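File shown: work_39.pdb (PDB, C-alpha atoms).
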```pdb
ATOM      1  CA  MET A   1     -40.461  85.624 -65.340
ATOM      2  CA  ALA A   2     -39.536  88.326 -62.812
ATOM      3  CA  GLY A   3     -43.098  89.593 -62.468
ATOM      4  CA  LYS A   4     -44.763  86.207 -62.034
ATOM      5  CA  GLY A   5     -46.061  85.170 -58.615
ATOM      6  CA  ILE A   6     -43.937  82.983 -56.359
ATOM      7  CA  ALA A   7     -44.954  80.290 -53.881
ATOM      8  CA  MET A   8     -42.003  79.502 -51.600
ATOM      9  CA  PHE A   9     -41.774  76.092 -49.955
ATOM     10  CA  PRO A  10     -40.367  74.318 -47.984
ATOM     11  CA  ASN A  11     -38.795  76.434 -45.259
ATOM     12  CA  ARG A  12     -35.091  75.615 -45.003
ATOM     13  CA  GLY A  13     -34.600  77.993 -42.083
ATOM     14  CA  ASP A  14     -35.687  75.464 -39.470
ATOM     15  CA  ALA A  15     -32.658  73.266 -40.161
ATOM     16  CA  ALA A  16     -30.173  76.170 -40.241
ATOM     17  CA  GLU A  17     -27.617  76.956 -37.547
ATOM     18  CA  LEU A  18     -28.239  80.489 -36.260
ATOM     19  CA  LYS A  19     -25.442  82.441 -34.584
ATOM     20  CA  ASP A  20     -23.712  85.810 -34.084
ATOM     21  CA  GLY A  21     -25.075  89.087 -32.783
ATOM     22  CA  ASP A  22     -26.197  89.678 -29.200
ATOM     23  CA  TRP A  23     -29.752  88.514 -28.519
ATOM     24  CA  GLN A  24     -31.508  88.635 -25.160
ATOM     25  CA  LEU A  25     -34.291  86.450 -26.589
ATOM     26  CA  SER A  26     -32.748  83.521 -28.430
ATOM     27  CA  LEU A  27     -32.286  83.218 -32.171
ATOM     28  CA  LEU A  28     -33.874  79.783 -31.787
ATOM     29  CA  ASN A  29     -37.207  81.605 -31.595
ATOM     30  CA  LEU A  30     -36.820  82.277 -35.318
ATOM     31  CA  GLN A  31     -37.438  78.553 -35.813
ATOM     32  CA  ASP A  32     -40.667  78.509 -33.802
ATOM     33  CA  ARG A  33     -43.925  78.461 -35.764
ATOM     34  CA  ILE A  34     -45.612  80.737 -33.202
ATOM     35  CA  LEU A  35     -44.926  84.160 -34.706
ATOM     36  CA  GLN A  36     -45.160  85.975 -31.357
ATOM     37  CA  ARG A  37     -42.032  84.175 -30.119
ATOM     38  CA  VAL A  38     -39.327  86.487 -31.400
ATOM     39  CA  ALA A  39     -35.588  86.900 -31.221
ATOM     40  CA  ARG A  40     -34.842  90.205 -29.458
ATOM     41  CA  SER A  41     -31.535  92.035 -29.624
ATOM     42  CA  ARG A  42     -29.895  93.269 -26.436
ATOM     43  CA  SER A  43     -29.355  96.701 -27.961
ATOM     44  CA  LEU A  44     -29.511  98.526 -31.279
ATOM     45  CA  ALA A  45     -25.770  98.434 -31.816
ATOM     46  CA  LEU A  46     -24.738  96.982 -35.179
ATOM     47  CA  SER A  47     -22.789  94.291 -33.363
ATOM     48  CA  SER A  48     -25.999  93.231 -31.613
ATOM     49  CA  THR A  49     -28.475  93.296 -34.513
ATOM     50  CA  ARG A  50     -26.748  90.862 -36.840
ATOM     51  CA  LEU A  51     -26.895  87.126 -37.423
ATOM     52  CA  THR A  52     -25.550  84.328 -39.558
ATOM     53  CA  ALA A  53     -27.697  81.470 -40.865
ATOM     54  CA  VAL A  54     -25.742  78.389 -41.922
ATOM     55  CA  LEU A  55     -27.897  75.974 -43.907
ATOM     56  CA  ASP A  56     -27.729  72.226 -43.261
ATOM     57  CA  ARG A  57     -26.258  71.954 -46.771
ATOM     58  CA  ALA A  58     -26.047  74.164 -49.827
ATOM     59  CA  ARG A  59     -29.516  74.651 -51.314
ATOM     60  CA  SER A  60     -31.256  76.607 -54.047
ATOM     61  CA  ILE A  61     -32.702  79.673 -52.296
ATOM     62  CA  ARG A  62     -34.700  82.593 -53.682
ATOM     63  CA  ALA A  63     -35.692  84.550 -50.578
ATOM     64  CA  ILE A  64     -34.936  85.173 -46.925
ATOM     65  CA  VAL A  65     -37.807  86.562 -44.844
ATOM     66  CA  PHE A  66     -38.326  87.489 -41.194
ATOM     67  CA  ILE A  67     -42.026  87.452 -40.324
ATOM     68  CA  ASN A  68     -43.259  89.689 -37.462
ATOM     69  CA  THR A  69     -40.776  92.433 -36.721
ATOM     70  CA  ASN A  70     -40.755  95.741 -34.859
ATOM     71  CA  ALA A  71     -38.211  97.272 -37.252
ATOM     72  CA  SER A  72     -38.783 101.000 -37.616
ATOM     73  CA  THR A  73     -39.589 102.632 -40.925
ATOM     74  CA  ALA A  74     -36.098 104.174 -40.917
ATOM     75  CA  GLY A  75     -34.392 100.785 -40.552
ATOM     76  CA  ARG A  76     -31.880  99.434 -43.035
ATOM     77  CA  LYS A  77     -30.586  95.963 -43.805
ATOM     78  CA  ARG A  78     -27.678  94.270 -45.522
ATOM     79  CA  VAL A  79     -28.054  90.654 -46.622
ATOM     80  CA  ARG A  80     -25.209  88.632 -48.107
ATOM     81  CA  ALA A  81     -25.520  85.142 -49.573
ATOM     82  CA  TYR A  82     -22.536  82.799 -49.796
ATOM     83  CA  GLY A  83     -22.141  79.690 -51.873
ATOM     84  CA  PRO A  84     -20.453  76.429 -50.845
ATOM     85  CA  ALA A  85     -16.872  76.558 -49.611
ATOM     86  CA  ILE A  86     -14.179  76.187 -52.265
ATOM     87  CA  SER A  87     -10.417  75.935 -52.056
ATOM     88  CA  ASP A  88      -9.724  79.657 -52.416
ATOM     89  CA  ALA A  89     -12.805  80.703 -50.384
ATOM     90  CA  PRO A  90     -13.069  78.303 -47.413
ATOM     91  CA  ASP A  91     -15.968  80.278 -45.886
ATOM     92  CA  GLY A  92     -17.870  80.329 -49.170
ATOM     93  CA  GLU A  93     -17.889  82.751 -52.068
ATOM     94  CA  LEU A  94     -20.167  85.790 -52.003
ATOM     95  CA  VAL A  95     -22.801  85.131 -54.687
ATOM     96  CA  TRP A  96     -25.244  87.988 -54.036
ATOM     97  CA  GLN A  97     -25.964  90.906 -51.732
ATOM     98  CA  THR A  98     -28.614  93.562 -51.268
ATOM     99  CA  GLY A  99     -28.207  97.192 -52.247
ATOM    100  CA  SER A 100     -25.542  98.496 -54.553
ATOM    101  CA  GLU A 101     -21.812  99.080 -54.548
ATOM    102  CA  ALA A 102     -22.451 102.740 -53.738
ATOM    103  CA  SER A 103     -24.465 101.761 -50.619
ATOM    104  CA  ASP A 104     -22.052  98.955 -49.670
ATOM    105  CA  GLY A 105     -24.964  96.554 -49.724
ATOM    106  CA  TRP A 106     -27.284  98.513 -47.413
ATOM    107  CA  GLU A 107     -30.915  99.157 -48.388
ATOM    108  CA  ASP A 108     -34.136 100.262 -46.706
ATOM    109  CA  ILE A 109     -36.146  97.620 -44.847
ATOM    110  CA  TYR A 110     -39.324  99.440 -45.899
ATOM    111  CA  PRO A 111     -39.124 100.747 -49.452
ATOM    112  CA  ARG A 112     -41.515 103.364 -50.814
ATOM    113  CA  GLU A 113     -45.063 102.235 -50.061
ATOM    114  CA  ARG A 114     -47.087 104.959 -51.745
ATOM    115  CA  PRO A 115     -46.415 106.808 -55.011
ATOM    116  CA  THR A 116     -45.865 110.528 -54.541
ATOM    117  CA  ALA A 117     -48.924 111.285 -56.714
ATOM    118  CA  GLN A 118     -51.136 109.565 -54.136
ATOM    119  CA  MET A 119     -49.820 111.568 -51.192
ATOM    120  CA  GLN A 120     -50.561 114.982 -49.715
ATOM    121  CA  TRP A 121     -47.880 117.648 -49.508
ATOM    122  CA  ARG A 122     -48.068 117.821 -45.722
ATOM    123  CA  ASP A 123     -47.849 114.070 -45.157
ATOM    124  CA  PRO A 124     -44.846 113.458 -42.879
ATOM    125  CA  ASN A 125     -43.596 110.730 -45.216
ATOM    126  CA  PHE A 126     -44.166 112.690 -48.437
ATOM    127  CA  TRP A 127     -40.540 112.575 -49.549
ATOM    128  CA  THR A 128     -39.747 108.969 -48.625
ATOM    129  CA  GLY A 129     -43.088 107.318 -49.370
ATOM    130  CA  ARG A 130     -42.294 104.807 -46.642
ATOM    131  CA  PRO A 131     -45.103 103.820 -44.254
ATOM    132  CA  ASP A 132     -45.382 105.737 -40.992
ATOM    133  CA  ALA A 133     -45.470 103.965 -37.642
ATOM    134  CA  GLU A 134     -49.241 104.381 -37.267
ATOM    135  CA  SER A 135     -49.966 102.617 -40.548
ATOM    136  CA  LEU A 136     -48.055  99.521 -39.430
ATOM    137  CA  VAL A 137     -50.240  98.898 -36.385
ATOM    138  CA  GLY A 138     -52.549  95.903 -36.672
ATOM    139  CA  SER A 139     -50.708  93.949 -39.354
ATOM    140  CA  THR A 140     -47.805  91.531 -39.362
ATOM    141  CA  GLN A 141     -44.773  93.237 -40.860
ATOM    142  CA  SER A 142     -42.122  91.181 -42.607
ATOM    143  CA  ILE A 143     -38.568  91.936 -43.652
ATOM    144  CA  ILE A 144     -38.614  90.509 -47.167
ATOM    145  CA  THR A 145     -35.506  90.005 -49.265
ATOM    146  CA  ILE A 146     -36.110  88.452 -52.671
ATOM    147  CA  MET A 147     -33.081  87.620 -54.785
ATOM    148  CA  PRO A 148     -33.351  88.127 -58.557
ATOM    149  CA  GLN A 149     -33.041  84.393 -59.204
ATOM    150  CA  LEU A 150     -32.303  81.126 -57.439
ATOM    151  CA  PHE A 151     -28.815  80.977 -55.940
ATOM    152  CA  PHE A 152     -27.044  77.924 -54.550
ATOM    153  CA  VAL A 153     -26.481  79.145 -50.987
ATOM    154  CA  SER A 154     -24.868  77.598 -47.932
ATOM    155  CA  ARG A 155     -24.789  80.650 -45.628
ATOM    156  CA  PHE A 156     -26.419  84.044 -45.150
ATOM    157  CA  THR A 157     -25.160  86.971 -43.113
ATOM    158  CA  VAL A 158     -27.800  89.545 -42.185
ATOM    159  CA  GLU A 159     -27.158  92.944 -40.601
ATOM    160  CA  PHE A 160     -29.650  95.551 -39.448
ATOM    161  CA  GLY A 161     -29.130  99.245 -38.845
ATOM    162  CA  ASP A 162     -32.091 100.544 -36.851
ATOM    163  CA  GLN A 163     -30.599 102.866 -34.249
ATOM    164  CA  SER A 164     -33.644 105.159 -34.250
ATOM    165  CA  ASN A 165     -36.029 102.387 -33.182
ATOM    166  CA  ASP A 166     -38.026 103.788 -30.237
ATOM    167  CA  ASP A 167     -38.282 100.340 -28.610
ATOM    168  CA  GLY A 168     -34.551 100.248 -27.946
ATOM    169  CA  PHE A 169     -34.249  96.746 -29.400
ATOM    170  CA  LEU A 170     -34.954  94.842 -32.597
ATOM    171  CA  ASP A 171     -37.455  91.982 -32.725
ATOM    172  CA  LEU A 172     -37.287  89.372 -35.468
ATOM    173  CA  GLY A 173     -39.964  86.719 -35.843
ATOM    174  CA  ARG A 174     -40.188  83.541 -37.898
ATOM    175  CA  LEU A 175     -37.301  82.928 -40.303
ATOM    176  CA  PHE A 176     -38.296  81.654 -43.733
ATOM    177  CA  LEU A 177     -35.576  80.542 -46.140
ATOM    178  CA  ALA A 178     -36.849  78.892 -49.277
ATOM    179  CA  GLY A 179     -36.576  78.110 -52.929
ATOM    180  CA  GLN A 180     -39.501  78.736 -55.196
ATOM    181  CA  TRP A 181     -42.165  77.802 -57.581
ATOM    182  CA  GLN A 182     -42.411  80.865 -59.799
ATOM    183  CA  PHE A 183     -45.496  80.565 -61.969
ATOM    184  CA  SER A 184     -44.829  80.436 -65.717
ATOM    185  CA  LEU A 185     -48.253  82.075 -66.157
ATOM    186  CA  ASN A 186     -49.765  84.412 -63.613
ATOM    187  CA  LEU A 187     -53.128  83.617 -62.088
ATOM    188  CA  LYS A 188     -55.910  84.680 -64.430
ATOM    189  CA  PRO A 189     -57.482  88.146 -63.968
ATOM    190  CA  GLY A 190     -59.884  88.443 -61.086
ATOM    191  CA  VAL A 191     -57.650  87.237 -58.254
ATOM    192  CA  GLU A 192     -59.631  87.722 -55.042
ATOM    193  CA  LEU A 193     -57.798  89.491 -52.213
ATOM    194  CA  GLY A 194     -59.563  89.871 -48.889
ATOM    195  CA  PHE A 195     -59.601  89.337 -45.137
ATOM    196  CA  LEU A 196     -60.929  86.618 -42.881
ATOM    197  CA  ALA A 197     -63.303  88.442 -40.508
ATOM    198  CA  ARG A 198     -62.568  87.245 -36.969
ATOM    199  CA  SER A 199     -63.849  90.104 -34.802
ATOM    200  CA  THR A 200     -67.054  89.297 -32.940
ATOM    201  CA  SER A 201     -69.948  91.493 -31.834
ATOM    202  CA  ALA A 202     -72.700  91.032 -29.250
ATOM    203  CA  ARG A 203     -75.552  93.179 -28.000
ATOM    204  CA  SER A 204     -76.321  93.787 -24.368
ATOM    205  CA  LEU A 205     -79.857  93.426 -23.022
ATOM    206  CA  GLY A 206     -80.213  97.178 -23.446
ATOM    207  CA  GLY A 207     -79.244  96.965 -27.098
ATOM    208  CA  THR A 208     -75.719  98.392 -26.896
ATOM    209  CA  LEU A 209     -73.388  96.715 -29.373
ATOM    210  CA  TYR A 210     -70.028  95.540 -28.007
ATOM    211  CA  HIS A 211     -67.135  94.383 -30.132
ATOM    212  CA  SER A 212     -64.245  92.037 -29.510
ATOM    213  CA  ARG A 213     -61.649  93.083 -32.050
ATOM    214  CA  LYS A 214     -59.344  90.432 -33.520
ATOM    215  CA  ARG A 215     -56.694  90.407 -36.198
ATOM    216  CA  HIS A 216     -58.081  89.781 -39.675
ATOM    217  CA  PRO A 217     -55.820  87.413 -41.644
ATOM    218  CA  ARG A 218     -55.409  88.171 -45.321
ATOM    219  CA  THR A 219     -56.758  85.756 -47.910
ATOM    220  CA  MET A 220     -56.108  85.198 -51.594
ATOM    221  CA  ARG A 221     -57.925  83.042 -54.126
ATOM    222  CA  GLY A 222     -56.966  82.661 -57.773
ATOM    223  CA  SER A 223     -56.888  80.123 -60.564
ATOM    224  CA  TRP A 224     -55.315  79.106 -63.856
ATOM    225  CA  ASP A 225     -57.227  77.907 -66.905
ATOM    226  CA  TYR A 226     -54.321  76.784 -69.087
ATOM    227  CA  LEU A 227     -51.166  76.169 -67.070
ATOM    228  CA  PRO A 228     -48.757  73.713 -68.741
ATOM    229  CA  GLU A 229     -49.671  70.261 -67.449
ATOM    230  CA  PRO A 230     -46.049  69.259 -66.623
ATOM    231  CA  GLU A 231     -45.765  72.378 -64.438
ATOM    232  CA  MET A 232     -49.141  71.746 -62.816
ATOM    233  CA  LEU A 233     -48.106  68.206 -61.866
ATOM    234  CA  SER A 234     -44.535  68.921 -60.813
ATOM    235  CA  GLN A 235     -45.327  72.142 -58.952
ATOM    236  CA  LEU A 236     -48.952  72.624 -57.848
ATOM    237  CA  TYR A 237     -49.565  68.891 -57.350
ATOM    238  CA  GLU A 238     -46.367  68.563 -55.302
ATOM    239  CA  LEU A 239     -47.122  71.724 -53.329
ATOM    240  CA  PHE A 240     -50.514  70.286 -52.382
ATOM    241  CA  ARG A 241     -49.043  66.886 -51.572
ATOM    242  CA  GLN A 242     -46.129  68.103 -49.474
ATOM    243  CA  ALA A 243     -47.535  71.200 -47.753
ATOM    244  CA  GLY A 244     -51.097  70.007 -47.277
ATOM    245  CA  THR A 245     -53.331  72.336 -45.287
ATOM    246  CA  ASP A 246     -50.991  72.725 -42.309
ATOM    247  CA  LEU A 247     -47.440  73.519 -43.453
ATOM    248  CA  GLU A 248     -46.273  77.077 -44.081
ATOM    249  CA  VAL A 249     -45.882  78.588 -47.535
ATOM    250  CA  PHE A 250     -44.653  82.113 -48.192
ATOM    251  CA  LEU A 251     -46.570  83.743 -51.022
ATOM    252  CA  VAL A 252     -45.289  86.682 -53.067
ATOM    253  CA  GLN A 253     -48.006  87.687 -55.487
ATOM    254  CA  ARG A 254     -46.076  90.314 -57.463
ATOM    255  CA  PRO A 255     -42.288  90.224 -56.915
ATOM    256  CA  ASP A 256     -41.662  93.378 -58.944
ATOM    257  CA  ASP A 257     -44.252  95.471 -57.098
ATOM    258  CA  VAL A 258     -42.026  96.889 -54.366
ATOM    259  CA  VAL A 259     -44.648  99.496 -53.441
ATOM    260  CA  ASN A 260     -47.180  96.789 -52.495
ATOM    261  CA  ARG A 261     -44.790  94.042 -51.400
ATOM    262  CA  GLN A 262     -45.911  94.182 -47.752
ATOM    263  CA  ARG A 263     -49.558  94.065 -48.811
ATOM    264  CA  LEU A 264     -49.239  91.217 -51.305
ATOM    265  CA  SER A 265     -46.720  88.936 -49.587
ATOM    266  CA  TRP A 266     -47.352  86.876 -46.477
ATOM    267  CA  LEU A 267     -46.743  83.642 -44.615
ATOM    268  CA  GLY A 268     -49.765  81.434 -44.930
ATOM    269  CA  ARG A 269     -51.277  78.026 -45.409
ATOM    270  CA  MET A 270     -53.626  76.521 -47.957
ATOM    271  CA  PRO A 271     -56.966  75.901 -46.188
ATOM    272  CA  GLU A 272     -58.206  73.799 -49.098
ATOM    273  CA  LEU A 273     -56.650  71.628 -51.795
ATOM    274  CA  PRO A 274     -58.947  71.873 -54.837
ATOM    275  CA  PRO A 275     -58.663  69.234 -57.563
ATOM    276  CA  ILE A 276     -56.561  69.764 -60.671
ATOM    277  CA  ALA A 277     -58.351  69.512 -64.010
ATOM    278  CA  ARG A 278     -56.095  67.811 -66.542
ATOM    279  CA  GLY A 279     -56.423  67.958 -70.285
ATOM    280  CA  VAL A 280     -58.541  71.109 -70.558
ATOM    281  CA  SER A 281     -56.659  71.519 -73.843
ATOM    282  CA  PRO A 282     -53.683  69.622 -75.278
ATOM    283  CA  GLY A 283     -50.837  69.768 -72.750
ATOM    284  CA  ARG A 284     -52.692  72.153 -70.448
ATOM    285  CA  ALA A 285     -54.377  71.847 -67.053
ATOM    286  CA  ALA A 286     -56.555  74.027 -64.824
ATOM    287  CA  GLY A 287     -56.172  74.550 -61.104
ATOM    288  CA  SER A 288     -56.658  77.028 -58.305
ATOM    289  CA  LEU A 289     -54.806  78.279 -55.270
ATOM    290  CA  THR A 290     -56.163  79.579 -51.960
ATOM    291  CA  PHE A 291     -54.024  81.148 -49.245
ATOM    292  CA  GLU A 292     -54.871  82.220 -45.706
ATOM    293  CA  GLU A 293     -52.414  84.316 -43.701
ATOM    294  CA  ILE A 294     -50.914  82.906 -40.515
ATOM    295  CA  VAL A 295     -51.017  85.484 -37.695
TER     296      VAL A 295
END
```
Rewrite the structure of this file - the entire thing - as structure tokens.
Amino acid sequence: MAGKGIAMFPNRGDAAELKDGDWQLSLLNLQDRILQRVARSRSLALSSTRLTAVLDRARSIRAIVFINTNASTAGRKRVRAYGPAISDAPDGELVWQTGSEASDGWEDIYPRERPTAQMQWRDPNFWTGRPDAESLVGSTQSIITIMPQLFFVSRFTVEFGDQSNDDGFLDLGRLFLAGQWQFSLNLKPGVELGFLARSTSARSLGGTLYHSRKRHPRTMRGSWDYLPEPEMLSQLYELFRQAGTDLEVFLVQRPDDVVNRQRLSWLGRMPELPPIARGVSPGRAAGSLTFEEIV
């Protein structure tokens, strides 16, 4: 199941209490659907670039994501998830954390993006494989933490170590905390990945072509021919019914593909809700899924 795509909905982050750290632009901006409204730390000190998210109640959570960040490619993070309070752990028991024991839970915000075999010896990021600052321009970068399974979580603590950030502060955009629908069968081969062309061009009277460059949201379109009908009705049907064409869904197309996680995971909406075809074979149904990135 680990390699199957995941559609995450609904966002539990909007009902969470956000606190801790030192933020000159409020943590409440993490609960604003306009991605450009960010929480901004007062400095890059570890005491400043940390936060706690307390959920309205304990919920099944698979991922915690911050959409639209200025984190540098050298940045690190430590995420800890706590379960409900119990008698011998009144603040909740630690159920999962990033990293390893050797790293004390710290891991890179941006893992290796390109295999060494696809790089040139003189590339400045040859050894790390992480993206360079230039390659991040023009796309929405997310800090994505996917847990290996659903955990019953009541509180997250998140810490960032990004002292080399040239901006002198850390920006965090939209917070997305959600459970999952992890597909039992991946979308059939031929998934279409593309961009919504939004730049415009016009010619002057003299024939010179002028361009107005815009961001190009990513798009994805795929389908299933034989998904189990109970899953189609309890998951895709309910996703269509509850999210509609306006509510946010966070899509992770290939959870195991760390190299391409930034490319294949984004906050989006479903611009269309195509019908589900039931009974294409005994106990099976057909359906499709279309996503458009929110920028």
All residues 7 Å or closer to segment 196-202 of chain A, all atoms listed in the file, same chain fewer than 2 positions away omitted, as a list in words
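My list of contacting residues is Gly194, Ser204, Leu209, Tyr210, His211, Ser212, Arg213, Lys214, Arg215, His216, Pro217, Arg218 and Thr219 of chain A.
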Leaving out Thr157 of chain A and any residue of its chain fewer than 2 positions from it, which residues lie within 9 Å of it when counting all atoms listed in the file, given as an mmCIF file with C-alpha atoms, in the frame of the given file?
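To be explicit, this is the file written out as result_25.cif:
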```cif
data_model
loop_
_atom_site.group_PDB
_atom_site.id
_atom_site.type_symbol
_atom_site.label_atom_id
_atom_site.label_comp_id
_atom_site.auth_asym_id
_atom_site.auth_seq_id
_atom_site.Cartn_x
_atom_site.Cartn_y
_atom_site.Cartn_z
ATOM 1 C CA ARG A 50 -26.748 90.862 -36.840
ATOM 2 C CA LEU A 51 -26.895 87.126 -37.423
ATOM 3 C CA THR A 52 -25.550 84.328 -39.558
ATOM 4 C CA ALA A 53 -27.697 81.470 -40.865
ATOM 5 C CA VAL A 54 -25.742 78.389 -41.922
ATOM 6 C CA ARG A 78 -27.678 94.270 -45.522
ATOM 7 C CA VAL A 79 -28.054 90.654 -46.622
ATOM 8 C CA ARG A 80 -25.209 88.632 -48.107
ATOM 9 C CA ALA A 81 -25.520 85.142 -49.573
ATOM 10 C CA TYR A 82 -22.536 82.799 -49.796
ATOM 11 C CA ARG A 155 -24.789 80.650 -45.628
ATOM 12 C CA GLU A 159 -27.158 92.944 -40.601
#
```
Carefully work through the PyMOL selection byres ((chain A and resi 8) around 12) for this structure and note down the residues it includes, as a PyMOL selection string.
chain A and resi 5-7+9-12+60-65+146+150+176-183+235-236+239+243+247-253+255+265-269
With a distance cut-off of 12 Å and all atoms listed in the file, select the neighbouring residues of Arg241 of chain A, excluding the residue or stretch itself and same-chain residues fewer than 3 positions from it, and output the selection as a list in words.
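Selected residues are Phe9, Pro10, Leu233, Ser234, Gln235, Leu236, Tyr237, Glu238, Gly244, Thr245, Asp246, Leu247, Met270, Glu272, Leu273, Pro274 and Pro275 of chain A.
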Applied to the shown file, which residues does the PyMOL selection byres ((chain A and resi 169) around 10) return, written as a list in words?
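Checking the PyMOL selection byres ((chain A and resi 169) around 10) against this file, the residues are Trp23, Gln24, Arg40, Ser41, Arg42, Ser43, Leu44, Ala45, Ser48, Thr49, Asn70, Ala71, Asp162, Gln163, Ser164, Asn165, Asp166, Asp167, Gly168, Leu170 and Asp171 of chain A.
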